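Shown next: input_29.cif, given as mmCIF, C-alpha atoms.
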```cif
data_input
loop_
_atom_site.group_PDB
_atom_site.id
_atom_site.type_symbol
_atom_site.label_atom_id
_atom_site.label_comp_id
_atom_site.auth_asym_id
_atom_site.auth_seq_id
_atom_site.Cartn_x
_atom_site.Cartn_y
_atom_site.Cartn_z
ATOM 1 C CA MET A 731 88.280 -38.411 55.867
ATOM 2 C CA LYS A 732 87.166 -36.304 58.774
ATOM 3 C CA VAL A 733 83.595 -35.182 59.348
ATOM 4 C CA ARG A 734 82.855 -32.330 61.759
ATOM 5 C CA VAL A 735 79.306 -31.613 62.879
ATOM 6 C CA LEU A 736 79.009 -27.842 62.516
ATOM 7 C CA GLY A 737 75.354 -27.664 63.503
ATOM 8 C CA SER A 738 73.373 -30.426 65.206
ATOM 9 C CA SER A 739 69.986 -28.718 65.567
ATOM 10 C CA ALA A 740 66.968 -28.676 63.326
ATOM 11 C CA GLY A 741 65.687 -25.382 61.923
ATOM 12 C CA GLY A 742 65.587 -22.580 64.471
ATOM 13 C CA GLY A 743 68.503 -23.865 66.530
ATOM 14 C CA LEU A 744 68.627 -24.202 70.301
ATOM 15 C CA PRO A 745 67.395 -21.983 71.793
ATOM 16 C CA GLN A 746 65.009 -20.911 69.066
ATOM 17 C CA TRP A 747 64.470 -17.152 69.189
ATOM 18 C CA ASN A 748 60.699 -17.313 69.757
ATOM 19 C CA CYS A 749 60.411 -20.493 71.824
ATOM 20 C CA SER A 750 60.399 -21.173 75.558
ATOM 21 C CA CYS A 751 59.897 -24.935 75.468
ATOM 22 C CA ALA A 752 61.814 -26.988 78.036
ATOM 23 C CA GLY A 753 64.808 -27.431 75.726
ATOM 24 C CA CYS A 754 65.071 -23.761 74.807
ATOM 25 C CA ALA A 755 64.618 -22.692 78.436
ATOM 26 C CA ALA A 756 67.358 -25.102 79.525
ATOM 27 C CA ALA A 757 69.717 -23.722 76.877
ATOM 28 C CA ARG A 758 69.078 -20.134 77.975
ATOM 29 C CA ALA A 759 69.690 -21.140 81.587
ATOM 30 C CA GLY A 760 73.012 -22.764 80.677
ATOM 31 C CA GLU A 761 71.781 -26.226 81.635
ATOM 32 C CA VAL A 762 72.347 -27.654 78.151
ATOM 33 C CA GLU A 763 74.676 -26.587 75.358
ATOM 34 C CA PRO A 764 73.203 -24.343 72.653
ATOM 35 C CA ARG A 765 73.044 -25.803 69.146
ATOM 36 C CA THR A 766 73.250 -24.228 65.717
ATOM 37 C CA GLN A 767 71.313 -25.303 62.645
ATOM 38 C CA SER A 768 72.078 -28.477 60.727
ATOM 39 C CA SER A 769 75.307 -28.733 58.737
ATOM 40 C CA VAL A 770 78.512 -30.775 58.583
ATOM 41 C CA ALA A 771 81.958 -30.266 57.089
ATOM 42 C CA VAL A 772 83.572 -33.169 55.255
ATOM 43 C CA ILE A 773 87.343 -32.817 55.143
ATOM 44 C CA ASP A 774 89.860 -34.726 53.050
ATOM 45 C CA ASP A 775 92.820 -34.514 55.427
ATOM 46 C CA GLY A 776 95.299 -35.929 52.929
ATOM 47 C CA PRO A 777 99.055 -35.492 52.471
ATOM 48 C CA ALA A 778 98.529 -32.509 50.167
ATOM 49 C CA GLY A 779 96.693 -30.596 52.899
ATOM 50 C CA ALA A 780 93.128 -30.389 54.165
ATOM 51 C CA ARG A 781 90.330 -29.753 51.667
ATOM 52 C CA ALA A 782 86.913 -28.963 53.118
ATOM 53 C CA PHE A 783 83.371 -29.265 51.797
ATOM 54 C CA LEU A 784 80.175 -28.242 53.569
ATOM 55 C CA VAL A 785 76.990 -30.268 53.472
ATOM 56 C CA ASN A 786 74.292 -27.601 53.649
ATOM 57 C CA ALA A 787 74.838 -23.920 54.374
ATOM 58 C CA SER A 788 72.790 -23.017 57.422
ATOM 59 C CA PRO A 789 71.841 -19.492 58.517
ATOM 60 C CA ASP A 790 74.486 -20.000 61.253
ATOM 61 C CA VAL A 791 77.333 -20.703 58.820
ATOM 62 C CA ARG A 792 79.496 -17.718 59.831
ATOM 63 C CA GLN A 793 79.320 -18.733 63.497
ATOM 64 C CA GLN A 794 79.981 -22.372 62.618
ATOM 65 C CA LEU A 795 83.077 -21.614 60.529
ATOM 66 C CA THR A 796 84.392 -19.323 63.255
ATOM 67 C CA ALA A 797 84.037 -22.151 65.796
ATOM 68 C CA ALA A 798 86.064 -24.575 63.623
ATOM 69 C CA PRO A 799 89.792 -23.660 63.605
ATOM 70 C CA ASP A 800 90.570 -26.097 60.803
ATOM 71 C CA LEU A 801 88.112 -24.162 58.610
ATOM 72 C CA HIS A 802 89.686 -20.748 59.191
ATOM 73 C CA PRO A 803 91.086 -19.031 56.077
ATOM 74 C CA GLY A 804 94.750 -18.992 57.156
ATOM 75 C CA ALA A 805 95.533 -16.241 54.632
ATOM 76 C CA THR A 806 93.970 -12.982 53.524
ATOM 77 C CA ARG A 807 90.567 -13.671 51.959
ATOM 78 C CA ARG A 808 91.335 -17.337 51.282
ATOM 79 C CA ASN A 809 88.213 -19.477 50.873
ATOM 80 C CA PRO A 810 88.573 -22.489 53.207
ATOM 81 C CA VAL A 811 85.486 -24.208 51.778
ATOM 82 C CA GLU A 812 85.739 -25.582 48.245
ATOM 83 C CA ALA A 813 82.049 -26.355 47.719
ATOM 84 C CA ILE A 814 78.676 -26.765 49.387
ATOM 85 C CA LEU A 815 76.638 -29.940 48.892
ATOM 86 C CA LEU A 816 72.898 -29.604 49.476
ATOM 87 C CA THR A 817 70.612 -32.293 50.827
ATOM 88 C CA ASP A 818 67.576 -30.193 49.844
ATOM 89 C CA ALA A 819 66.535 -26.600 49.210
ATOM 90 C CA GLU A 820 64.991 -25.845 52.616
ATOM 91 C CA ILE A 821 65.758 -22.360 53.956
ATOM 92 C CA ASP A 822 67.550 -23.690 57.044
ATOM 93 C CA HIS A 823 69.936 -25.588 54.732
ATOM 94 C CA THR A 824 70.472 -22.917 52.068
ATOM 95 C CA LEU A 825 70.150 -19.422 53.551
ATOM 96 C CA GLY A 826 73.838 -19.556 54.452
ATOM 97 C CA LEU A 827 74.700 -19.548 50.743
ATOM 98 C CA LEU A 828 73.972 -15.821 50.730
ATOM 99 C CA ILE A 829 76.267 -15.314 53.709
ATOM 100 C CA LEU A 830 79.147 -16.852 51.705
ATOM 101 C CA ARG A 831 78.831 -14.226 48.973
ATOM 102 C CA GLU A 832 82.010 -12.306 49.942
ATOM 103 C CA GLY A 833 84.329 -14.830 48.329
ATOM 104 C CA ALA A 834 85.605 -15.055 44.779
ATOM 105 C CA GLY A 835 82.854 -17.539 43.973
ATOM 106 C CA VAL A 836 80.659 -20.300 45.353
ATOM 107 C CA THR A 837 80.393 -23.861 44.056
ATOM 108 C CA VAL A 838 77.118 -25.617 44.859
ATOM 109 C CA HIS A 839 76.389 -29.319 44.375
ATOM 110 C CA ALA A 840 72.615 -29.745 44.092
ATOM 111 C CA THR A 841 70.086 -32.033 42.475
ATOM 112 C CA ALA A 842 67.996 -30.669 39.612
ATOM 113 C CA ALA A 843 65.030 -30.580 42.002
ATOM 114 C CA SER A 844 66.882 -28.450 44.553
ATOM 115 C CA GLU A 845 68.323 -26.134 41.930
ATOM 116 C CA ALA A 846 64.825 -25.529 40.566
ATOM 117 C CA VAL A 847 63.615 -24.429 44.014
ATOM 118 C CA LEU A 848 66.650 -22.172 44.486
ATOM 119 C CA ARG A 849 65.877 -20.450 41.194
ATOM 120 C CA GLU A 850 62.093 -20.593 40.771
ATOM 121 C CA GLY A 851 61.115 -20.668 44.461
ATOM 122 C CA THR A 852 63.372 -18.903 46.958
ATOM 123 C CA GLY A 853 65.519 -17.310 44.247
ATOM 124 C CA PHE A 854 68.635 -17.755 46.406
ATOM 125 C CA LEU A 855 70.914 -18.784 43.525
ATOM 126 C CA THR A 856 69.781 -15.878 41.362
ATOM 127 C CA THR A 857 70.396 -13.488 44.260
ATOM 128 C CA LEU A 858 73.810 -15.004 44.992
ATOM 129 C CA GLU A 859 74.825 -14.647 41.341
ATOM 130 C CA ALA A 860 74.344 -10.886 41.649
ATOM 131 C CA TYR A 861 77.188 -10.837 44.205
ATOM 132 C CA CYS A 862 79.682 -13.456 43.028
ATOM 133 C CA PRO A 863 80.213 -16.168 40.413
ATOM 134 C CA VAL A 864 78.236 -19.328 41.142
ATOM 135 C CA THR A 865 79.054 -22.772 39.771
ATOM 136 C CA VAL A 866 76.332 -25.394 40.066
ATOM 137 C CA VAL A 867 77.325 -29.051 39.859
ATOM 138 C CA GLU A 868 74.325 -31.288 39.256
ATOM 139 C CA VAL A 869 74.022 -34.128 41.736
ATOM 140 C CA GLY A 870 72.865 -37.304 40.042
ATOM 141 C CA ILE A 871 71.126 -39.903 42.185
ATOM 142 C CA GLY A 872 73.240 -43.042 42.496
ATOM 143 C CA ALA A 873 76.229 -41.668 40.593
ATOM 144 C CA GLU A 874 79.606 -41.532 42.317
ATOM 145 C CA HIS A 875 81.164 -38.073 42.182
ATOM 146 C CA ALA A 876 84.805 -37.300 43.039
ATOM 147 C CA LEU A 877 85.453 -34.316 45.295
ATOM 148 C CA THR A 878 89.202 -35.044 45.517
ATOM 149 C CA ASP A 879 91.465 -37.850 44.337
ATOM 150 C CA ASP A 880 90.522 -39.860 47.421
ATOM 151 C CA LEU A 881 87.124 -38.528 48.533
ATOM 152 C CA THR A 882 83.891 -39.339 46.689
ATOM 153 C CA TYR A 883 80.181 -39.055 47.355
ATOM 154 C CA THR A 884 77.075 -40.836 46.116
ATOM 155 C CA ALA A 885 73.658 -39.241 46.656
ATOM 156 C CA PHE A 886 70.578 -41.344 47.385
ATOM 157 C CA ASP A 887 66.970 -40.232 47.156
ATOM 158 C CA LEU A 888 64.903 -39.795 50.324
ATOM 159 C CA PRO A 889 61.268 -39.377 49.228
ATOM 160 C CA THR A 890 59.257 -37.249 51.650
ATOM 161 C CA GLY A 891 55.665 -37.635 50.498
ATOM 162 C CA LYS A 892 55.141 -33.960 51.347
ATOM 163 C CA THR A 893 53.554 -31.417 49.038
ATOM 164 C CA PRO A 894 56.383 -29.177 47.792
ATOM 165 C CA ARG A 895 56.505 -25.793 49.497
ATOM 166 C CA PHE A 896 57.595 -24.282 46.171
ATOM 167 C CA PRO A 897 56.054 -26.051 43.156
ATOM 168 C CA THR A 898 58.604 -25.833 40.331
ATOM 169 C CA SER A 899 59.461 -27.322 36.963
ATOM 170 C CA GLY A 900 62.031 -29.564 38.662
ATOM 171 C CA PRO A 901 61.674 -33.340 39.003
ATOM 172 C CA GLU A 902 60.140 -35.099 41.995
ATOM 173 C CA GLU A 903 63.224 -37.264 42.511
ATOM 174 C CA GLY A 904 66.002 -35.609 44.462
ATOM 175 C CA ARG A 905 63.944 -33.111 46.446
ATOM 176 C CA VAL A 906 65.641 -34.545 49.540
ATOM 177 C CA VAL A 907 68.791 -36.660 49.397
ATOM 178 C CA GLY A 908 71.346 -38.206 51.694
ATOM 179 C CA TYR A 909 75.043 -38.622 50.936
ATOM 180 C CA ARG A 910 77.359 -41.605 51.194
ATOM 181 C CA PHE A 911 80.980 -40.397 51.476
ATOM 182 C CA HIS A 912 83.809 -42.788 50.662
ATOM 183 C CA ASP A 913 87.512 -42.335 51.375
ATOM 184 C CA ARG A 914 89.322 -44.412 48.776
ATOM 185 C CA ARG A 915 92.555 -44.130 50.729
ATOM 186 C CA THR A 916 91.267 -45.619 53.990
ATOM 187 C CA GLY A 917 88.128 -47.364 52.744
ATOM 188 C CA GLY A 918 86.082 -45.415 55.288
ATOM 189 C CA VAL A 919 82.398 -44.733 54.582
ATOM 190 C CA VAL A 920 80.244 -42.100 56.305
ATOM 191 C CA VAL A 921 76.545 -41.619 55.520
ATOM 192 C CA TYR A 922 74.802 -38.297 56.196
ATOM 193 C CA ALA A 923 70.996 -38.173 56.165
ATOM 194 C CA PRO A 924 69.553 -35.331 58.279
ATOM 195 C CA GLY A 925 66.045 -35.594 56.835
ATOM 196 C CA VAL A 926 64.503 -39.066 56.639
ATOM 197 C CA ALA A 927 60.803 -39.697 55.997
ATOM 198 C CA ASP A 928 61.194 -43.342 54.954
ATOM 199 C CA LEU A 929 63.775 -45.677 56.468
ATOM 200 C CA ALA A 930 63.908 -48.056 53.491
ATOM 201 C CA PRO A 931 66.459 -46.073 51.391
ATOM 202 C CA LEU A 932 68.937 -46.151 54.275
ATOM 203 C CA ARG A 933 69.430 -49.901 54.013
ATOM 204 C CA ALA A 934 71.335 -49.875 50.736
ATOM 205 C CA ALA A 935 73.071 -46.569 51.487
ATOM 206 C CA CYS A 936 74.448 -47.879 54.791
ATOM 207 C CA ASP A 937 75.813 -51.161 53.435
ATOM 208 C CA GLY A 938 79.388 -51.370 54.712
ATOM 209 C CA ALA A 939 79.246 -47.901 56.318
ATOM 210 C CA ASP A 940 81.365 -47.084 59.363
ATOM 211 C CA VAL A 941 79.266 -44.162 60.625
ATOM 212 C CA LEU A 942 75.705 -42.970 60.058
ATOM 213 C CA LEU A 943 74.806 -39.364 60.882
ATOM 214 C CA VAL A 944 71.039 -39.438 60.817
ATOM 215 C CA ASP A 945 67.774 -37.618 61.418
ATOM 216 C CA GLY A 946 66.983 -37.200 65.114
ATOM 217 C CA THR A 947 64.433 -34.405 64.724
ATOM 218 C CA CYS A 948 61.678 -35.633 67.059
ATOM 219 C CA PHE A 949 61.455 -38.487 69.525
ATOM 220 C CA HIS A 950 57.644 -38.653 69.457
ATOM 221 C CA ASP A 951 55.690 -38.298 66.229
ATOM 222 C CA ASP A 952 53.151 -35.962 67.882
ATOM 223 C CA GLU A 953 55.794 -34.076 69.863
ATOM 224 C CA LEU A 954 55.037 -30.571 68.603
ATOM 225 C CA VAL A 955 51.303 -31.119 68.965
ATOM 226 C CA ARG A 956 51.464 -32.452 72.532
ATOM 227 C CA LEU A 957 53.734 -29.533 73.586
ATOM 228 C CA GLY A 958 51.498 -26.952 71.961
ATOM 229 C CA LEU A 959 54.295 -25.876 69.608
ATOM 230 C CA GLY A 960 52.581 -26.649 66.323
ATOM 231 C CA ARG A 961 49.963 -28.637 64.478
ATOM 232 C CA LYS A 962 52.192 -30.905 62.417
ATOM 233 C CA THR A 963 53.525 -34.315 63.336
ATOM 234 C CA ALA A 964 57.095 -35.358 62.600
ATOM 235 C CA ALA A 965 55.791 -37.383 59.661
ATOM 236 C CA ASP A 966 53.948 -34.324 58.335
ATOM 237 C CA MET A 967 57.296 -32.496 58.273
ATOM 238 C CA GLY A 968 59.093 -35.347 56.494
ATOM 239 C CA HIS A 969 60.821 -36.996 59.483
ATOM 240 C CA VAL A 970 60.555 -40.436 61.055
ATOM 241 C CA ALA A 971 60.306 -40.070 64.832
ATOM 242 C CA LEU A 972 62.939 -41.806 66.928
ATOM 243 C CA GLU A 973 60.297 -43.890 68.693
ATOM 244 C CA ARG A 974 59.926 -45.643 65.321
ATOM 245 C CA SER A 975 63.451 -45.428 63.921
ATOM 246 C CA LEU A 976 65.744 -46.538 66.771
ATOM 247 C CA ASP A 977 65.148 -50.268 66.224
ATOM 248 C CA ALA A 978 65.675 -49.820 62.490
ATOM 249 C CA PHE A 979 69.034 -48.105 63.071
ATOM 250 C CA ALA A 980 70.182 -51.148 65.034
ATOM 251 C CA ASP A 981 69.192 -53.417 62.135
ATOM 252 C CA LEU A 982 71.376 -51.461 59.678
ATOM 253 C CA GLY A 983 74.555 -52.929 61.139
ATOM 254 C CA VAL A 984 76.451 -49.613 61.177
ATOM 255 C CA PRO A 985 78.997 -49.599 64.042
ATOM 256 C CA ARG A 986 78.394 -45.954 64.992
ATOM 257 C CA VAL A 987 75.083 -44.089 64.681
ATOM 258 C CA VAL A 988 74.975 -40.392 65.583
ATOM 259 C CA LEU A 989 71.794 -38.316 65.764
ATOM 260 C CA VAL A 990 71.831 -34.902 64.088
ATOM 261 C CA HIS A 991 69.133 -32.368 63.128
ATOM 262 C CA VAL A 992 67.664 -32.590 66.644
ATOM 263 C CA ASN A 993 64.687 -30.278 67.148
ATOM 264 C CA ASN A 994 64.489 -27.987 70.186
ATOM 265 C CA SER A 995 61.304 -29.853 71.220
ATOM 266 C CA ASN A 996 63.063 -33.220 71.449
ATOM 267 C CA PRO A 997 63.269 -34.410 75.085
ATOM 268 C CA ILE A 998 66.567 -36.227 74.439
ATOM 269 C CA LEU A 999 68.212 -32.806 74.827
ATOM 270 C CA LEU A 1000 67.230 -32.644 78.508
ATOM 271 C CA PRO A 1001 69.467 -34.185 81.182
ATOM 272 C CA GLU A 1002 68.103 -37.435 82.587
ATOM 273 C CA ALA A 1003 65.079 -37.464 80.268
ATOM 274 C CA ALA A 1004 63.684 -40.975 79.859
ATOM 275 C CA GLU A 1005 63.823 -40.643 76.080
ATOM 276 C CA GLY A 1006 67.539 -39.870 76.212
ATOM 277 C CA LEU A 1007 68.118 -42.992 78.278
ATOM 278 C CA VAL A 1008 66.251 -45.015 75.633
ATOM 279 C CA VAL A 1009 68.543 -43.617 72.930
ATOM 280 C CA GLY A 1010 71.636 -44.466 74.964
ATOM 281 C CA LYS A 1011 70.386 -47.990 75.650
ATOM 282 C CA ALA A 1012 69.970 -48.446 71.883
ATOM 283 C CA GLY A 1013 73.667 -47.650 71.458
ATOM 284 C CA VAL A 1014 72.943 -44.467 69.528
ATOM 285 C CA GLU A 1015 74.854 -41.222 70.152
ATOM 286 C CA ILE A 1016 73.294 -37.774 70.378
ATOM 287 C CA GLY A 1017 75.495 -35.568 68.225
ATOM 288 C CA THR A 1018 76.493 -32.078 69.291
ATOM 289 C CA ASP A 1019 78.014 -29.064 67.577
ATOM 290 C CA GLY A 1020 81.688 -29.943 67.265
ATOM 291 C CA THR A 1021 81.317 -33.740 67.189
ATOM 292 C CA GLU A 1022 84.178 -35.114 65.034
ATOM 293 C CA ILE A 1023 84.376 -38.402 63.180
ATOM 294 C CA SER A 1024 87.276 -39.987 61.304
ATOM 295 C CA ALA A 1025 86.887 -42.778 58.771
#
```

Let me see whether you can do it: turn the structure in this file into structure tokens.
Amino acid sequence: MKVRVLGSSAGGGLPQWNCSCAGCAAARAGEVEPRTQSSVAVIDDGPAGARAFLVNASPDVRQQLTAAPDLHPGATRRNPVEAILLTDAEIDHTLGLLILREGAGVTVHATAASEAVLREGTGFLTTLEAYCPVTVVEVGIGAEHALTDDLTYTAFDLPTGKTPRFPTSGPEEGRVVGYRFHDRRTGGVVVYAPGVADLAPLRAACDGADVLLVDGTCFHDDELVRLGLGRKTAADMGHVALERSLDAFADLGVPRVVLVHVNNSNPILLPEAAEGLVVGKAGVEIGTDGTEISA
């Protein structure tokens, strides 16, 4: 199993089009690498040939696929992505579904809660169905699902405590999930959780895991407020700030922890920032677009 970070930023990317915070200014000045919005590709690189699956379809999906040679079509109008797994129904994780409409069809793995939002809220699935066939595979919490003969996933619930942006007839459970990927051939386990409001569910999900790709949205809970970028705290947005989560990551016992979904406001993006040094001292990596992991 190979996992490629396609996008390591939170919603808006780096630089964000309407922001001139220190991180965005540094990206425009070429002092730090730009970042696209949160997504990874999980690839079964088996003897029969590579088979790729996206986790989330960001608004930057075309750019992300172009930047990944192993996800190029290789033949006229061949679809290099077999399916898209969704962690939630947020726009920055699902808008890219519409960009994938040119193919012969799109397969989406989503919880009942996410599917309800994509039909009754944003309407993205209904819109996509007007352009191409759409197959929806329901993601059951705690149930192992086979993507290939060797690659499986198990979704785990990540309660947010937030009021739903789009009230729907869908269930409360499964509004936000993480995924535990298992390669039966190698025994490798990778956990992907870009949106974490409560650290408790990670403990069981990370048991025996080799790599954890995890929420690094904000370093400080009041980061957006103190920078004058917004009124919400990280907790208000459904994220545990790194100032609270770093010690917990160490307690999980996962050999490699990589931060993803890093907001443009997060000081760890800036060279020599004290917060970045704290992350490094904790033995945690700051993921970038293009980071690759094998397990």

Name the residues in contact with Leu825 in chain A at a cut-off of 7 Å, using only C-alpha atoms, excluding same-chain residues fewer than 6 positions from it; report them as a PDB file with C-alpha atoms, keeping the file's coordinate frame.
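Generated file (out.pdb):
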```pdb
ATOM      1  CA  ALA A 787      74.838 -23.920  54.374  1.00  0.00           C
ATOM      2  CA  SER A 788      72.790 -23.017  57.422  1.00  0.00           C
ATOM      3  CA  PRO A 789      71.841 -19.492  58.517  1.00  0.00           C
TER       4      PRO A 789
END
```

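Using all atoms listed in the file, the shortest contact distance between His912 in chain A and any of A:Leu1000, A:Ala1025, A:Val990, A:Ile871 is found at A:Ala1025.
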
Would you write out, as a tab-separated table, a table of all residues in range 879-980 of chain A that have an atom no more than 9 Å from an atom of range 844-866 of chain A, listing for each the closest atom pair and the distance in Å to one decimal, considering only C-alpha atoms and ordering rows by chain and rising residue number?
```
residue	atom	partner	partner_atom	distance
A:Arg895	CA	A:Gly851	CA	8.5
A:Phe896	CA	A:Gly851	CA	5.3
A:Pro897	CA	A:Gly851	CA	7.5
A:Thr898	CA	A:Ala846	CA	6.2
A:Ser899	CA	A:Ala846	CA	6.7
A:Gly900	CA	A:Ala846	CA	5.3
A:Pro901	CA	A:Ala846	CA	8.6
A:Gly904	CA	A:Ser844	CA	7.2
A:Arg905	CA	A:Ser844	CA	5.8
A:Val906	CA	A:Ser844	CA	8.0
```

Practice task
Please check which residues have atoms at most 12 Å from (77.6, -52.5, 56.9) in the file's coordinates, counting only C-alpha atoms, and write them as a list of chain:residue names.
Solution key: A:Gly918, A:Val919, A:Val920, A:Val921, A:Leu932, A:Arg933, A:Ala934, A:Ala935, A:Cys936, A:Asp937, A:Gly938, A:Ala939, A:Asp940, A:Val941, A:Leu942, A:Phe979, A:Ala980, A:Asp981, A:Leu982, A:Gly983, A:Val984, A:Pro985, A:Arg986, A:Val987

Problem - Residues selected by the PyMOL selection byres ((chain A and resi 838) around 10), written as a PyMOL selection string - result: chain A and resi 784-787+812-816+827+835-837+839-841+845+855+864-869

Handout entry: Close residues, Glu1002 in chain A itself excluded, 12 Å, all atoms listed in the file, min 6 positions apart in chain, as number ranges by chain
Key = A: 761-762, 1008-1010

Handout entry: Contacts of range 768-777 of chain A at 10 Å (only C-alpha atoms; same-chain gap of 5+ positions) as number ranges by chain
Key = A: 731-743, 782-791, 794-795, 798, 800-801, 811, 814-817, 822-823, 877-882, 911, 913, 915, 920, 922, 924, 943, 990-993, 1019-1024

Exercise for the section: Record the distance separating CA of Ser995 in chain A and CA of Phe886 in chain A, expressed in Å with one decimal. Expected result: 28.0 Å

Adding 8 Å on each side of the box along x, y and z that holds all listed atoms of range 862-865 of chain A, could you give its centre and edge lengths in Å to one decimal, as JSON?
```
{"center_x": 79.2, "center_y": -18.1, "center_z": 41.4, "size_x": 18.0, "size_y": 25.3, "size_z": 19.3}
```

Handout entry: CA of Asn809 in chain A to CA of Thr916 in chain A, distance in Å rounded to a single decimal
Key =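 So the answer is 26.5 Å.
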
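Take CA of Pro799 in chain A and CA of Gln746 in chain A: the distance between them is 25.5 Å.
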
Practice task
With the file shown as input, list the residues that the PyMOL selection byres ((chain A and resi 954) around 12) selects, as a PyMOL selection string.
Solution key: chain A and resi 749+751+947-953+955-967+971+993-997

Exercise for the section: Take the point (61.8, -36.5, 57.3) in the file's coordinates, draw a sphere of radius 7 Å around it, and report as a list in words every protein, DNA or RNA residue with an atom inside or on it, counting only C-alpha atoms. Expected result: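 Those residues, ordered by chain and then number, are Thr890, Gly925, Val926, Ala927, Ala965, Met967, Gly968, His969 and Val970 of chain A.
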